[in-house]
Amino acid sequence: MTRILSGIKPTGKLTLGNYIGALRRFKDFQESGEVFIFIADLHALTLPIDPNDLRENSRDLAAFYLASGLDPKKCTIFLQSSVSAHAELNAILQNYLFMGELSRMTQFKDKSAKMNGNEIGLGLFAYPVLMASDILLYDANIVPVGEDQTQHVEITRDLVKRFNHRYGDNMLIMPRAQVNKVGARIMSLTEPTKKMSKSDPKGDIFLKDDEKTIRKKIMSAVTDMVGKVQYDPENQPGISNLLNIYAALSDITPEEAAEKFKDSGYGDFKRAVADKVIEELTPFKQRYQEIIDSKSYIAVLEEGAAKANAIASKTLKRVQKAVGLLGFDD
Ligand code: ATP
Ligand code: LTN
């Protein structure tokens with residue numbers, strides 16, 4: 001059976017970008033495969049974060065997973081830090097990715113450029129090793145992510161080739177990224193050439209924003225002087241981003257969305273986008289609140305950790321034996 005695995009870092013308030021690029025799609029895999037969805041809390045430590053914020057973000061993310069339609073009977077939802085095999089496999093796999101290739105990762109270059117050069121943690125540099133460990137521990141075949149994460153799945157694939165060449169075919173299972181054609185990269189509403197990002201929020205829509213705030217943010221989104229609703233990301237990045245949002249939430253292509261609004265003014269078009277986002281997020285937020293109030297996420301994470309541990313510890317053992325660890329028997 002196909003194994004599907006993905007995670008989100010609890011680094012801040014979830015954005016519409018996270019929702020469209022990742023969260024919204026996870027539930028679709030539940031019927032066709034075995035799904036593992038986790039909270040990448042160890043990854044959240046790769047940039048400075050207050051412990052209370054990390055706890056609250058992690059709790060919120062668990063509730064958002066459940067609110068998005070993930071069913072704990074059909075998929076395994078857990079905290080990365082509650083499965084110690086992630087850190088143990090990380091300690092092994094760090095020897096099979098090289099400094100040169102890690103230093104070429106776009107995410108590392110972007111995030112480290114914003115920091116004081118003397119305070120860049122080793123974890124930020126080694127981020128892809130831990131991400132590879134997350135994926136490989138569950139023998140995942142498919143990794144649904146937004147476009148910004150495909151480079152990390154590619155380096156995982158390089159690692160698998162290198163490792164299997166040395167220790168035997170299928171010692172690690174080759175994963176592949178699955179990126180949606182529509183909505184893989186939602187841009188900031190105020191700077192539509194930059195990715196909407198939760199740890200560097202500019203022009204973000206947050207999943208917890210109220211209706212009035214969402215409407216206000218969309219109505220004041222940056223557009224252009226062209227005056228026509230067309231899908232042209234290069235020359236009309238603001239309008240194209242709004243088309244992408246509308247299209248992703250309507251399960252159509254941005255070109256189809258552009259056709260629908262080709263005779264509309266920017267004001268009417270923005271109103272339609274705001275309506276669409278509000279229509280999607282309002283019931284989602286209600287479910288989120290019910291889950292937070294009932295604290296049902298606690299039992300879900302406990303059960304998830306037990307299931308994840310059982311699978312992860314087997315893979316870890318297989319890898320430990322392959323490289324010559326765990327002593328002398330057999
Ligand atoms: P950070 O700002 O902390 O790096 P982020 O907002 O980029 O966070 P991640 O936790 O890195 O979010 O990503 C969670 C998932 O959401 C990943 O699959 C990622 O590809 C996807 N994602 C993040 N931002 C966007 C975006 N703007 N458009 C589409 N998908 C996105
Ligand atoms: N790096 C990812 C979060 C993440 C992840 C993973 C995603 C950590 N480990 C394994 C897929 C598979 C991000 O979203 N920034």
# chains A, B, ... in the order shown; residues from 1 in each chain; ligands from 1
$ residues_around --residues "Val153 (chain A)" --least-positions-apart "5" --cutoff "9 Å" --atoms "only C-alpha atoms" --output "list in words"
Pro128, Met131, Ala132, Ile135, Val143, Asp158, Pro175, Arg176 and Ala177 of chain A
$ residues_around --residues "Lys13 (chain A)" --least-positions-apart "2" --cutoff "12 Å" --atoms "only C-alpha atoms" --output "PyMOL selection string"
chain A and resi 8-11+15-19+53-54+56-61+64+196-201+204-209
$ write_last_selection --atoms "C-alpha atoms" --output "PDB file, in the first residue's frame"
ATOM      1  CA  ILE A   8       4.339  21.278   8.904  1.00  0.00           C
ATOM      2  CA  LYS A   9       6.588  23.230  11.279  1.00  0.00           C
ATOM      3  CA  PRO A  10       4.803  24.857  14.227  1.00  0.00           C
ATOM      4  CA  THR A  11       6.769  28.081  13.742  1.00  0.00           C
ATOM      5  CA  THR A  15      -1.296  30.936   6.642  1.00  0.00           C
ATOM      6  CA  LEU A  16      -3.550  30.522   3.658  1.00  0.00           C
ATOM      7  CA  GLY A  17      -0.366  29.431   1.822  1.00  0.00           C
ATOM      8  CA  ASN A  18       0.100  26.491   4.215  1.00  0.00           C
ATOM      9  CA  TYR A  19      -3.576  25.639   3.875  1.00  0.00           C
ATOM     10  CA  ASP A  53       4.776  29.852  21.427  1.00  0.00           C
ATOM     11  CA  LEU A  54       6.108  26.498  20.238  1.00  0.00           C
ATOM     12  CA  GLU A  56       0.723  26.758  21.456  1.00  0.00           C
ATOM     13  CA  ASN A  57       1.587  26.509  17.758  1.00  0.00           C
ATOM     14  CA  SER A  58       1.929  22.727  18.069  1.00  0.00           C
ATOM     15  CA  ARG A  59      -1.447  22.405  19.751  1.00  0.00           C
ATOM     16  CA  ASP A  60      -3.034  24.643  17.110  1.00  0.00           C
ATOM     17  CA  LEU A  61      -1.484  22.628  14.318  1.00  0.00           C
ATOM     18  CA  PHE A  64      -5.933  22.330  12.340  1.00  0.00           C
ATOM     19  CA  MET A 196       3.450  33.994   1.865  1.00  0.00           C
ATOM     20  CA  SER A 197       5.339  32.687   4.889  1.00  0.00           C
ATOM     21  CA  LYS A 198       4.377  32.208   8.521  1.00  0.00           C
ATOM     22  CA  SER A 199       7.758  32.945  10.083  1.00  0.00           C
ATOM     23  CA  ASP A 200       8.247  36.133   8.065  1.00  0.00           C
ATOM     24  CA  PRO A 201       4.702  37.435   7.787  1.00  0.00           C
ATOM     25  CA  ASP A 204      -0.315  36.995   4.997  1.00  0.00           C
ATOM     26  CA  ILE A 205      -3.835  35.728   5.549  1.00  0.00           C
ATOM     27  CA  PHE A 206      -3.826  33.699   8.747  1.00  0.00           C
ATOM     28  CA  LEU A 207      -6.225  30.808   9.177  1.00  0.00           C
ATOM     29  CA  LYS A 208      -7.394  32.330  12.451  1.00  0.00           C
ATOM     30  CA  ASP A 209      -8.121  35.776  10.953  1.00  0.00           C
TER      31      ASP A 209
END
$ closest_atom_pairs --of "region 128-176 of chain A" --to "region 311-324 of chain A" --cutoff "8 Å" --atoms "only C-alpha atoms" --output "tab-separated table"
residue	atom	partner	partner_atom	distance
A:Leu137	CA	A:Ala312	CA	5.1
A:Tyr138	CA	A:Ala312	CA	6.0
A:Asp139	CA	A:Thr315	CA	7.9
A:Tyr167	CA	A:Ala322	CA	6.3
A:Met171	CA	A:Val319	CA	7.2
$ closest_atom_pairs --of "chain A" --to "ligand 2" --cutoff "9 Å" --atoms "only C-alpha atoms and all ligand atoms" --output "CSV"
residue,atom,partner,partner_atom_place_in_ligand_line,distance
A:Leu5,CA,ligand 2,12 (C),6.0
A:Ser6,CA,ligand 2,11 (C),3.8
A:Gly7,CA,ligand 2,7 (C),4.2
A:Ile8,CA,ligand 2,3 (C),4.4
A:Lys9,CA,ligand 2,3 (C),5.3
A:Asn18,CA,ligand 2,14 (O),8.3
A:Ala22,CA,ligand 2,14 (O),8.2
A:Ile37,CA,ligand 2,12 (C),8.5
A:Phe38,CA,ligand 2,6 (C),8.1
A:Ile39,CA,ligand 2,8 (C),7.9
A:Ala40,CA,ligand 2,8 (C),5.2
A:Asp41,CA,ligand 2,8 (C),8.5
A:Leu42,CA,ligand 2,8 (C),8.6
A:His43,CA,ligand 2,8 (C),6.4
A:Ala44,CA,ligand 2,3 (C),8.8
A:Gln80,CA,ligand 2,9 (N),8.6
A:Gln107,CA,ligand 2,15 (N),8.7
A:Tyr127,CA,ligand 2,1 (N),7.7
A:Pro128,CA,ligand 2,1 (N),7.6
A:Leu130,CA,ligand 2,9 (N),6.9
A:Met131,CA,ligand 2,9 (N),4.0
A:Ala132,CA,ligand 2,10 (C),6.7
A:Ser133,CA,ligand 2,10 (C),7.9
A:Asp134,CA,ligand 2,10 (C),5.2
A:Ile135,CA,ligand 2,10 (C),5.2
A:Leu136,CA,ligand 2,10 (C),8.9
A:Val143,CA,ligand 2,11 (C),5.8
A:Pro144,CA,ligand 2,11 (C),6.8
A:Val145,CA,ligand 2,11 (C),6.2
A:Gly146,CA,ligand 2,14 (O),7.5
A:Asp148,CA,ligand 2,15 (N),7.8
A:Gln149,CA,ligand 2,13 (C),6.1
A:His152,CA,ligand 2,1 (N),7.4
A:Val153,CA,ligand 2,12 (C),7.6
A:Ala177,CA,ligand 2,11 (C),8.5
$ write_last_selection --atoms "N, CA and C atoms" --output "mmCIF file, in the first residue's frame"
data_model
loop_
_atom_site.group_PDB
_atom_site.id
_atom_site.type_symbol
_atom_site.label_atom_id
_atom_site.label_comp_id
_atom_site.auth_asym_id
_atom_site.auth_seq_id
_atom_site.Cartn_x
_atom_site.Cartn_y
_atom_site.Cartn_z
ATOM 1 N N LEU A 5 3.492 10.698 3.449
ATOM 2 C CA LEU A 5 3.910 11.374 4.680
ATOM 3 C C LEU A 5 4.148 12.850 4.430
ATOM 4 N N SER A 6 3.683 13.681 5.364
ATOM 5 C CA SER A 6 4.040 15.095 5.300
ATOM 6 C C SER A 6 3.981 15.706 6.695
ATOM 7 N N GLY A 7 4.569 16.902 6.815
ATOM 8 C CA GLY A 7 4.574 17.599 8.099
ATOM 9 C C GLY A 7 4.611 19.093 7.880
ATOM 10 N N ILE A 8 4.268 19.806 8.925
ATOM 11 C CA ILE A 8 4.339 21.278 8.904
ATOM 12 C C ILE A 8 5.048 21.699 10.186
ATOM 13 N N LYS A 9 5.875 22.744 10.084
ATOM 14 C CA LYS A 9 6.588 23.230 11.279
ATOM 15 C C LYS A 9 5.685 24.145 12.097
ATOM 16 N N ASN A 18 -0.032 27.836 3.634
ATOM 17 C CA ASN A 18 0.100 26.491 4.215
ATOM 18 C C ASN A 18 -1.159 25.674 3.946
ATOM 19 N N ALA A 22 -0.527 22.789 1.322
ATOM 20 C CA ALA A 22 -0.282 21.536 2.042
ATOM 21 C C ALA A 22 -1.546 21.007 2.722
ATOM 22 N N ILE A 37 0.893 12.056 9.129
ATOM 23 C CA ILE A 37 0.994 13.515 9.139
ATOM 24 C C ILE A 37 1.498 13.934 10.509
ATOM 25 N N PHE A 38 2.574 14.705 10.529
ATOM 26 C CA PHE A 38 3.131 15.035 11.840
ATOM 27 C C PHE A 38 3.400 16.526 12.002
ATOM 28 N N ILE A 39 3.648 16.874 13.261
ATOM 29 C CA ILE A 39 3.970 18.260 13.624
ATOM 30 C C ILE A 39 5.486 18.317 13.759
ATOM 31 N N ALA A 40 6.146 19.070 12.879
ATOM 32 C CA ALA A 40 7.614 19.052 12.819
ATOM 33 C C ALA A 40 8.180 20.004 13.874
ATOM 34 N N ASP A 41 7.977 19.627 15.157
ATOM 35 C CA ASP A 41 8.380 20.549 16.227
ATOM 36 C C ASP A 41 9.896 20.624 16.404
ATOM 37 N N LEU A 42 10.619 19.528 16.116
ATOM 38 C CA LEU A 42 12.089 19.623 16.194
ATOM 39 C C LEU A 42 12.598 20.600 15.133
ATOM 40 N N HIS A 43 11.961 20.582 13.967
ATOM 41 C CA HIS A 43 12.356 21.528 12.918
ATOM 42 C C HIS A 43 12.064 22.969 13.314
ATOM 43 N N ALA A 44 11.036 23.147 14.147
ATOM 44 C CA ALA A 44 10.697 24.521 14.545
ATOM 45 C C ALA A 44 11.814 25.141 15.390
ATOM 46 N N GLN A 80 6.544 15.035 16.069
ATOM 47 C CA GLN A 80 7.874 14.518 15.701
ATOM 48 C C GLN A 80 8.701 14.214 16.961
ATOM 49 N N GLN A 107 16.342 27.202 1.004
ATOM 50 C CA GLN A 107 15.771 27.591 2.299
ATOM 51 C C GLN A 107 16.876 28.002 3.275
ATOM 52 N N TYR A 127 19.049 20.970 8.471
ATOM 53 C CA TYR A 127 17.591 20.792 8.373
ATOM 54 C C TYR A 127 17.188 19.643 7.433
ATOM 55 N N PRO A 128 17.785 19.566 6.226
ATOM 56 C CA PRO A 128 17.352 18.503 5.296
ATOM 57 C C PRO A 128 17.676 17.094 5.775
ATOM 58 N N LEU A 130 17.342 15.979 8.908
ATOM 59 C CA LEU A 130 16.224 15.592 9.768
ATOM 60 C C LEU A 130 14.974 15.361 8.918
ATOM 61 N N MET A 131 14.797 16.182 7.907
ATOM 62 C CA MET A 131 13.611 16.005 7.048
ATOM 63 C C MET A 131 13.707 14.673 6.290
ATOM 64 N N ALA A 132 14.905 14.325 5.838
ATOM 65 C CA ALA A 132 15.094 13.027 5.171
ATOM 66 C C ALA A 132 14.779 11.899 6.159
ATOM 67 N N SER A 133 15.215 12.063 7.413
ATOM 68 C CA SER A 133 14.943 11.030 8.430
ATOM 69 C C SER A 133 13.441 10.866 8.626
ATOM 70 N N ASP A 134 12.712 11.998 8.674
ATOM 71 C CA ASP A 134 11.243 11.945 8.826
ATOM 72 C C ASP A 134 10.627 11.083 7.728
ATOM 73 N N ILE A 135 11.076 11.334 6.516
ATOM 74 C CA ILE A 135 10.463 10.683 5.352
ATOM 75 C C ILE A 135 10.837 9.197 5.307
ATOM 76 N N LEU A 136 12.123 8.930 5.540
ATOM 77 C CA LEU A 136 12.633 7.572 5.307
ATOM 78 C C LEU A 136 12.244 6.594 6.418
ATOM 79 N N VAL A 143 5.379 12.352 -0.879
ATOM 80 C CA VAL A 143 5.485 13.432 0.093
ATOM 81 C C VAL A 143 4.783 14.675 -0.475
ATOM 82 N N PRO A 144 3.537 14.923 -0.072
ATOM 83 C CA PRO A 144 2.837 16.109 -0.591
ATOM 84 C C PRO A 144 3.337 17.378 0.094
ATOM 85 N N VAL A 145 3.871 18.288 -0.693
ATOM 86 C CA VAL A 145 4.412 19.547 -0.142
ATOM 87 C C VAL A 145 4.153 20.693 -1.119
ATOM 88 N N GLY A 146 4.371 21.916 -0.626
ATOM 89 C CA GLY A 146 4.376 23.091 -1.495
ATOM 90 C C GLY A 146 5.700 23.146 -2.241
ATOM 91 N N ASP A 148 8.203 25.129 -2.342
ATOM 92 C CA ASP A 148 9.447 25.481 -1.649
ATOM 93 C C ASP A 148 10.142 24.280 -1.015
ATOM 94 N N GLN A 149 9.427 23.193 -0.811
ATOM 95 C CA GLN A 149 10.025 22.034 -0.128
ATOM 96 C C GLN A 149 10.524 20.941 -1.079
ATOM 97 N N HIS A 152 14.167 19.862 -0.812
ATOM 98 C CA HIS A 152 14.497 18.978 0.316
ATOM 99 C C HIS A 152 14.126 17.523 0.023
ATOM 100 N N VAL A 153 13.093 17.329 -0.762
ATOM 101 C CA VAL A 153 12.746 15.942 -1.124
ATOM 102 C C VAL A 153 13.767 15.429 -2.150
ATOM 103 N N ALA A 177 8.306 13.816 -4.250
ATOM 104 C CA ALA A 177 7.455 14.935 -3.819
ATOM 105 C C ALA A 177 6.218 14.962 -4.692
#
$ residues_around --residues "Ala257 (chain A)" --least-positions-apart "2" --cutoff "9 Å" --atoms "only C-alpha atoms" --output "ChimeraX atom specification"
/A:230-231,243-244,246-247,250,252-255,259-262
$ residues_around --residues "Asn241 (chain A)" --least-positions-apart "5" --cutoff "9 Å" --atoms "only C-alpha atoms" --output "number ranges by chain"
A: 183, 185-189, 192, 231, 233, 236, 246
$ closest_residue --among "A:Phe78, A:Tyr65, A:Phe29, A:Tyr266" --to "Glu303 (chain A)" --atoms "only C-alpha atoms"
A:Phe78
$ select_by_dssp --residues "region 190-270 of chain A" --states "helix (DSSP H, G or I)" --output "ChimeraX atom specification"
/A:211-219,237-250,254-260,266-270
$ decode --residues "region 234-283 of chain A" --atoms "N, CA and C atoms" --output "compact mmCIF listing (two decimals), in the first residue's frame"
# COMPACT_ATOMS: atom_id res chain seq x y z
N GLU A 234 4.06 36.96 -14.46
CA GLU A 234 5.24 37.82 -14.59
C GLU A 234 4.87 39.30 -14.55
N ASN A 235 3.87 39.67 -15.34
CA ASN A 235 3.52 41.10 -15.43
C ASN A 235 2.42 41.53 -14.48
N GLN A 236 1.61 40.57 -14.01
CA GLN A 236 0.53 40.91 -13.08
C GLN A 236 0.56 39.94 -11.88
N PRO A 237 1.66 40.02 -11.09
CA PRO A 237 1.81 39.03 -10.02
C PRO A 237 0.71 39.09 -8.97
N GLY A 238 0.22 40.28 -8.65
CA GLY A 238 -0.81 40.41 -7.62
C GLY A 238 -2.12 39.77 -8.06
N ILE A 239 -2.58 40.13 -9.23
CA ILE A 239 -3.83 39.58 -9.76
C ILE A 239 -3.69 38.06 -9.97
N SER A 240 -2.53 37.65 -10.48
CA SER A 240 -2.33 36.22 -10.72
C SER A 240 -2.34 35.43 -9.42
N ASN A 241 -1.80 36.02 -8.36
CA ASN A 241 -1.83 35.35 -7.06
C ASN A 241 -3.27 35.19 -6.57
N LEU A 242 -4.08 36.24 -6.73
CA LEU A 242 -5.49 36.13 -6.32
C LEU A 242 -6.22 35.09 -7.17
N LEU A 243 -5.87 35.03 -8.45
CA LEU A 243 -6.48 34.01 -9.33
C LEU A 243 -6.10 32.61 -8.85
N ASN A 244 -4.84 32.47 -8.46
CA ASN A 244 -4.38 31.19 -7.94
C ASN A 244 -5.14 30.77 -6.69
N ILE A 245 -5.35 31.73 -5.81
CA ILE A 245 -6.08 31.43 -4.56
C ILE A 245 -7.50 31.01 -4.90
N TYR A 246 -8.14 31.79 -5.76
CA TYR A 246 -9.53 31.47 -6.13
C TYR A 246 -9.60 30.10 -6.80
N ALA A 247 -8.65 29.86 -7.72
CA ALA A 247 -8.66 28.61 -8.48
C ALA A 247 -8.43 27.41 -7.57
N ALA A 248 -7.44 27.52 -6.68
CA ALA A 248 -7.13 26.38 -5.80
C ALA A 248 -8.34 26.04 -4.94
N LEU A 249 -9.01 27.06 -4.41
CA LEU A 249 -10.15 26.79 -3.53
C LEU A 249 -11.39 26.33 -4.30
N SER A 250 -11.40 26.54 -5.62
CA SER A 250 -12.55 26.13 -6.43
C SER A 250 -12.25 24.86 -7.23
N ASP A 251 -11.02 24.33 -7.06
CA ASP A 251 -10.59 23.15 -7.83
C ASP A 251 -10.71 23.37 -9.33
N ILE A 252 -10.28 24.55 -9.78
CA ILE A 252 -10.20 24.82 -11.22
C ILE A 252 -8.79 25.36 -11.50
N THR A 253 -8.47 25.62 -12.77
CA THR A 253 -7.15 26.16 -13.07
C THR A 253 -7.20 27.69 -13.01
N PRO A 254 -6.04 28.33 -12.82
CA PRO A 254 -6.05 29.81 -12.79
C PRO A 254 -6.53 30.40 -14.12
N GLU A 255 -6.28 29.68 -15.21
CA GLU A 255 -6.75 30.17 -16.52
C GLU A 255 -8.28 30.16 -16.56
N GLU A 256 -8.87 29.09 -16.01
CA GLU A 256 -10.34 29.03 -15.96
C GLU A 256 -10.90 30.15 -15.07
N ALA A 257 -10.20 30.41 -13.97
CA ALA A 257 -10.65 31.50 -13.09
C ALA A 257 -10.56 32.83 -13.82
N ALA A 258 -9.47 33.02 -14.58
CA ALA A 258 -9.29 34.28 -15.32
C ALA A 258 -10.42 34.48 -16.33
N GLU A 259 -10.81 33.40 -16.97
CA GLU A 259 -11.89 33.44 -17.96
C GLU A 259 -13.20 33.91 -17.29
N LYS A 260 -13.44 33.38 -16.10
CA LYS A 260 -14.65 33.71 -15.36
C LYS A 260 -14.72 35.20 -15.01
N PHE A 261 -13.55 35.81 -14.76
CA PHE A 261 -13.54 37.20 -14.29
C PHE A 261 -13.03 38.18 -15.35
N LYS A 262 -12.96 37.72 -16.61
CA LYS A 262 -12.30 38.57 -17.60
C LYS A 262 -13.01 39.92 -17.82
N ASP A 263 -14.29 39.98 -17.52
CA ASP A 263 -15.01 41.25 -17.70
C ASP A 263 -15.23 41.99 -16.38
N SER A 264 -14.64 41.48 -15.29
CA SER A 264 -14.86 42.13 -14.00
C SER A 264 -13.80 43.19 -13.73
N GLY A 265 -14.18 44.20 -12.95
CA GLY A 265 -13.19 45.15 -12.45
C GLY A 265 -12.45 44.52 -11.28
N TYR A 266 -11.32 45.15 -10.88
CA TYR A 266 -10.52 44.59 -9.78
C TYR A 266 -11.32 44.51 -8.48
N GLY A 267 -12.17 45.52 -8.22
CA GLY A 267 -12.96 45.54 -6.98
C GLY A 267 -13.89 44.33 -6.89
N ASP A 268 -14.64 44.09 -7.95
CA ASP A 268 -15.58 42.95 -7.95
C ASP A 268 -14.83 41.62 -7.85
N PHE A 269 -13.73 41.55 -8.59
CA PHE A 269 -12.93 40.31 -8.56
C PHE A 269 -12.43 40.05 -7.13
N LYS A 270 -11.89 41.09 -6.48
CA LYS A 270 -11.37 40.90 -5.12
C LYS A 270 -12.48 40.49 -4.17
N ARG A 271 -13.68 41.06 -4.35
CA ARG A 271 -14.81 40.67 -3.50
C ARG A 271 -15.12 39.19 -3.66
N ALA A 272 -15.05 38.71 -4.89
CA ALA A 272 -15.34 37.28 -5.14
C ALA A 272 -14.27 36.40 -4.49
N VAL A 273 -13.01 36.86 -4.54
CA VAL A 273 -11.92 36.07 -3.92
C VAL A 273 -12.14 36.04 -2.40
N ALA A 274 -12.47 37.20 -1.83
CA ALA A 274 -12.69 37.27 -0.38
C ALA A 274 -13.85 36.35 0.01
N ASP A 275 -14.94 36.37 -0.76
CA ASP A 275 -16.09 35.50 -0.45
C ASP A 275 -15.66 34.03 -0.44
N LYS A 276 -14.87 33.68 -1.45
CA LYS A 276 -14.43 32.28 -1.59
C LYS A 276 -13.59 31.86 -0.37
N VAL A 277 -12.64 32.71 0.02
CA VAL A 277 -11.75 32.37 1.14
C VAL A 277 -12.58 32.25 2.42
N ILE A 278 -13.50 33.19 2.61
CA ILE A 278 -14.33 33.18 3.84
C ILE A 278 -15.24 31.96 3.87
N GLU A 279 -15.80 31.63 2.72
CA GLU A 279 -16.68 30.46 2.63
C GLU A 279 -15.93 29.17 3.02
N GLU A 280 -14.66 29.12 2.64
CA GLU A 280 -13.86 27.92 2.95
C GLU A 280 -13.40 27.93 4.41
N LEU A 281 -12.95 29.09 4.89
CA LEU A 281 -12.32 29.11 6.22
C LEU A 281 -13.31 29.16 7.37
N THR A 282 -14.52 29.68 7.16
CA THR A 282 -15.45 29.81 8.29
C THR A 282 -15.79 28.46 8.93
N PRO A 283 -16.25 27.46 8.17
CA PRO A 283 -16.54 26.17 8.82
C PRO A 283 -15.28 25.49 9.35
